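The structure appears below as structure tokens.
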Amino acid sequence: MNEKAREVALVPAQSNLEVALRSAVSLWASATTSESGRRADLLRDKQRIIRSFFKYTGKLPSEIESADVQSWLKALEEQGISAGTCYQHACLLSSFYSWAMRDPEIGQHVRRNPARLARPKAPKPYQTESVKALSDEEVAALVAAVKGRAQGGDVVGKRDYALLLLYLATGLRRQEAIGLRGKDVHLGGTLVLEYRAKGGDYRGREVREPQVKEALLDYLTASGRLYALKTDAPLWTRHDRAGRPGEALTSHCFVKNLKKYAREAGVEGFHLHRTRHTFARIVSEVTGDITATQNALDHQNRSTTRVYVQRIAVKKDLYSNEVSKRWGD
């Protein structure tokens, strides 16, 4: 067989391998991702990460060694990817191999998990810059940047402004706020939200700050969606050309916008979870009470709250003035 004929013969085989790998990654992602408002985002991101690994190595799953995984993680670090994100990528790769080994067909070709030994040590929770609380100056700058776009009449700016104020004023988790439906919002003297908290329980939360309510009504009025308040329609929707009218806003899309605002405001390393840590910092500073902070954050375990407080709060001085009276001038 001449060289040209050999190349032609190899194309279908290579194509079939790529199709089979993409199919396996898709099946793994679907099998390991639970139903939630973020499922579509998670499926996309998980598949992208695993496919990028095999594209980097240029090898089949059965050919991968632990050294290949270590090389990939090192390359990610050199690109500026944080230790926490690298660890997450390694965990996803390990999950893919564990799933593949259990599959009746794929397991015949994949006998070991090369990612397990190569996986780096897990970073300590809540200790990275991505969850560092914003300073008061950073909060003001970020809010001003988003408010500027909202005041310009842009409906996306109005939506992002209302949602940012909601995150900052309540400390809600990502999905708790982004997943709200119209019927979950009750407008009386104050704004009251009903939402599904972490763990699946439903909670109610009052928001007394009038700016949050005003910003929400401004957004719904500008988008012609006040009717949504009494329906099961998503509270936050997309208004870009790529999204269908009335399509629910994804957290991925919102965070992407927020990072742009943060760069305009000079806020480095912004991540949405920093709004929750900022809320925790302020509650802790105002109350000086870990129980009050725990309740505000809706934490089941006080030890989780303690990690937040140790990371972000400065303990108030309540006694030094009194003590100084004992030692005199």
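Residues are referred to by chain and number: the chain letter is A, B, ... according to the order shown in the structure tokens, the number counts from 1 in that chain, and ligands are numbered separately from 1 in the order shown.
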With range 268-280 of chain A as the partner and 9 Å as the cut-off, tabulate the residues of range 131-158 of chain A that qualify, each row holding the nearest pair of atoms and their distance in Å to one decimal, using only C-alpha atoms, sorted by chain and rising number, as a Markdown table.
```
| residue | atom | partner | partner_atom | distance |
| --- | --- | --- | --- | --- |
| A:Val131 | CA | A:Arg274 | CA | 4.8 |
| A:Lys132 | CA | A:Arg274 | CA | 5.9 |
| A:Ala133 | CA | A:Thr278 | CA | 4.4 |
| A:Leu134 | CA | A:Thr278 | CA | 5.5 |
| A:Ser135 | CA | A:Thr278 | CA | 7.6 |
| A:Asp136 | CA | A:Thr278 | CA | 8.8 |
| A:Val139 | CA | A:Thr278 | CA | 8.5 |
```
Would you output that residue set with N, CA and C atoms, as a short mmCIF file (atom, residue, chain, number, x, y, z; two decimals), in the first residue's frame?
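Ended up saving to result.cif:
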```
data_model
loop_
_atom_site.label_atom_id
_atom_site.label_comp_id
_atom_site.auth_asym_id
_atom_site.auth_seq_id
_atom_site.Cartn_x
_atom_site.Cartn_y
_atom_site.Cartn_z
N VAL A 131 -11.99 33.44 47.06
CA VAL A 131 -13.06 33.58 48.04
C VAL A 131 -12.70 34.62 49.10
N LYS A 132 -11.75 35.46 48.81
CA LYS A 132 -11.40 36.53 49.73
C LYS A 132 -12.48 37.59 49.70
N ALA A 133 -12.89 38.06 50.88
CA ALA A 133 -13.93 39.08 50.95
C ALA A 133 -13.47 40.36 50.28
N LEU A 134 -14.40 41.05 49.63
CA LEU A 134 -14.10 42.35 49.05
C LEU A 134 -14.00 43.39 50.16
N SER A 135 -13.12 44.36 49.97
CA SER A 135 -13.06 45.48 50.92
C SER A 135 -14.25 46.40 50.64
N ASP A 136 -14.52 47.32 51.57
CA ASP A 136 -15.61 48.26 51.36
C ASP A 136 -15.38 49.09 50.10
N VAL A 139 -16.20 46.95 47.05
CA VAL A 139 -17.64 46.80 46.90
C VAL A 139 -18.22 48.05 46.24
#
```
At a cut-off of 12 Å, can you tabulate as JSON lines every residue of range 72-168 of chain A near range 28-33 of chain A together with its closest atom pair and the distance in Å to one decimal, using only C-alpha atoms and ordering rows by chain then number?
```
{"residue": "A:Leu92", "atom": "CA", "partner": "A:Ala29", "partner_atom": "CA", "distance": 9.4}
{"residue": "A:Leu93", "atom": "CA", "partner": "A:Trp28", "partner_atom": "CA", "distance": 10.5}
{"residue": "A:Ser94", "atom": "CA", "partner": "A:Trp28", "partner_atom": "CA", "distance": 11.4}
{"residue": "A:Ser95", "atom": "CA", "partner": "A:Thr32", "partner_atom": "CA", "distance": 8.4}
{"residue": "A:Phe96", "atom": "CA", "partner": "A:Trp28", "partner_atom": "CA", "distance": 6.2}
{"residue": "A:Tyr97", "atom": "CA", "partner": "A:Trp28", "partner_atom": "CA", "distance": 9.2}
{"residue": "A:Ser98", "atom": "CA", "partner": "A:Trp28", "partner_atom": "CA", "distance": 9.7}
{"residue": "A:Trp99", "atom": "CA", "partner": "A:Trp28", "partner_atom": "CA", "distance": 6.6}
{"residue": "A:Ala100", "atom": "CA", "partner": "A:Trp28", "partner_atom": "CA", "distance": 7.7}
{"residue": "A:Met101", "atom": "CA", "partner": "A:Trp28", "partner_atom": "CA", "distance": 11.2}
{"residue": "A:Arg102", "atom": "CA", "partner": "A:Trp28", "partner_atom": "CA", "distance": 10.9}
{"residue": "A:Asp103", "atom": "CA", "partner": "A:Trp28", "partner_atom": "CA", "distance": 9.8}
{"residue": "A:Ile106", "atom": "CA", "partner": "A:Trp28", "partner_atom": "CA", "distance": 11.2}
```
Looking at only C-alpha atoms, which of A:Val69, A:Ala144, A:Ile178, A:Ala75 is the one that sits closest to Ala90 in chain A? A:Val69
When you look at Ala262 in chain A with a cut-off of 9 Å (counting only C-alpha atoms), what residues show up, excluding the ones that are within fewer than 3 positions of it in the same chain? I need them as a list in words.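 So the residues in contact are Glu138, Ala141, Leu142, Ala145, Val146, Asn257, Leu258, Lys259, Ala265, Gly266, Val267, Glu268, Gly269 and Phe270 of chain A.
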Prev. selection, N, CA and C atoms, output as a CSV table (one decimal), in the first residue's frame:
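Once everything was written out, this is selection.csv:
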```
chain,number,residue,atom,x,y,z
A,138,GLU,N,-13.7,48.2,47.4
A,138,GLU,CA,-13.9,47.3,46.2
A,138,GLU,C,-15.4,47.1,46.0
A,141,ALA,N,-16.8,50.3,44.4
A,141,ALA,CA,-16.3,50.5,43.0
A,141,ALA,C,-17.0,49.5,42.1
A,142,LEU,N,-17.3,48.3,42.5
A,142,LEU,CA,-17.9,47.3,41.7
A,142,LEU,C,-19.4,47.7,41.5
A,145,ALA,N,-19.7,50.6,39.1
A,145,ALA,CA,-19.5,50.2,37.7
A,145,ALA,C,-20.8,49.6,37.0
A,146,VAL,N,-21.4,48.7,37.8
A,146,VAL,CA,-22.6,48.1,37.3
A,146,VAL,C,-23.8,49.1,37.2
A,257,ASN,N,-20.2,38.4,32.9
A,257,ASN,CA,-20.5,39.9,32.9
A,257,ASN,C,-19.9,40.5,34.1
A,258,LEU,N,-20.0,39.9,35.3
A,258,LEU,CA,-19.5,40.5,36.5
A,258,LEU,C,-18.0,40.6,36.5
A,259,LYS,N,-17.3,39.7,35.9
A,259,LYS,CA,-15.9,39.8,35.8
A,259,LYS,C,-15.4,41.0,34.9
A,265,ALA,N,-13.8,48.1,37.4
A,265,ALA,CA,-13.7,48.8,38.7
A,265,ALA,C,-12.4,48.6,39.4
A,266,GLY,N,-11.4,47.9,38.7
A,266,GLY,CA,-10.1,47.7,39.3
A,266,GLY,C,-10.1,46.6,40.4
A,267,VAL,N,-11.1,45.7,40.4
A,267,VAL,CA,-11.2,44.6,41.4
A,267,VAL,C,-10.5,43.4,40.8
A,268,GLU,N,-9.4,43.0,41.3
A,268,GLU,CA,-8.7,41.8,40.8
A,268,GLU,C,-9.2,40.5,41.4
A,269,GLY,N,-9.1,39.5,40.5
A,269,GLY,CA,-9.4,38.1,41.0
A,269,GLY,C,-10.8,37.9,41.4
A,270,PHE,N,-11.8,38.6,40.8
A,270,PHE,CA,-13.2,38.5,41.2
A,270,PHE,C,-13.8,37.1,40.9
```
Measure the distance from CA of Leu235 in chain A to CA of Ala177 in chain A in Å and round it to one decimal.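 Between CA of Leu235 in chain A and CA of Ala177 in chain A the gap works out to 9.4 Å.
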Find the residue from A:Thr85, A:Lys260, A:Ile64, A:Lys74 that sits nearest to Ile49 in chain A; use only C-alpha atoms when measuring. A:Thr85
Need the shell around Phe254 in chain A: protein/DNA/RNA residues with any atom at most 10 Å away, counting only C-alpha atoms. Skip same-chain ones fewer than 2 positions apart. Format as a ChimeraX atom specification? /A:156,159-160,163-164,178,236,238,249-252,256-259,272
Would you pick out the contacts of Asn295 in chain A at 12 Å or less, using only C-alpha atoms, so that residues sharing its chain but fewer than 5 positions from it are not included, and give the list as a PyMOL selection string? chain A and resi 170-171+205+280+283-284+287+289-290+300-302+304-305
Neighbour list for range 227-234 of chain A as a PyMOL selection string, cut-off 9 Å, only C-alpha atoms, skip fewer than 4 positions in-chain: chain A and resi 178-187+220+246-249
According to DSSP computed on the backbone, where in range 26-199 of chain A is there alpha helix (DSSP H)? Give the residues as an MDAnalysis selection string. chainID A and resid 26:31 39:57 66:78 83:102 114:118 136:151 155:170 174:178
Report the distance between CA of Asp201 in chain A and CA of Glu35 in chain A in Å, rounded to one decimal place.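 We find that CA of Asp201 in chain A and CA of Glu35 in chain A lie 15.5 Å from each other.
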Pairwise distance for CA of Val192 in chain A and CA of Val143 in chain A, rounded to one decimal in Å: 22.1 Å
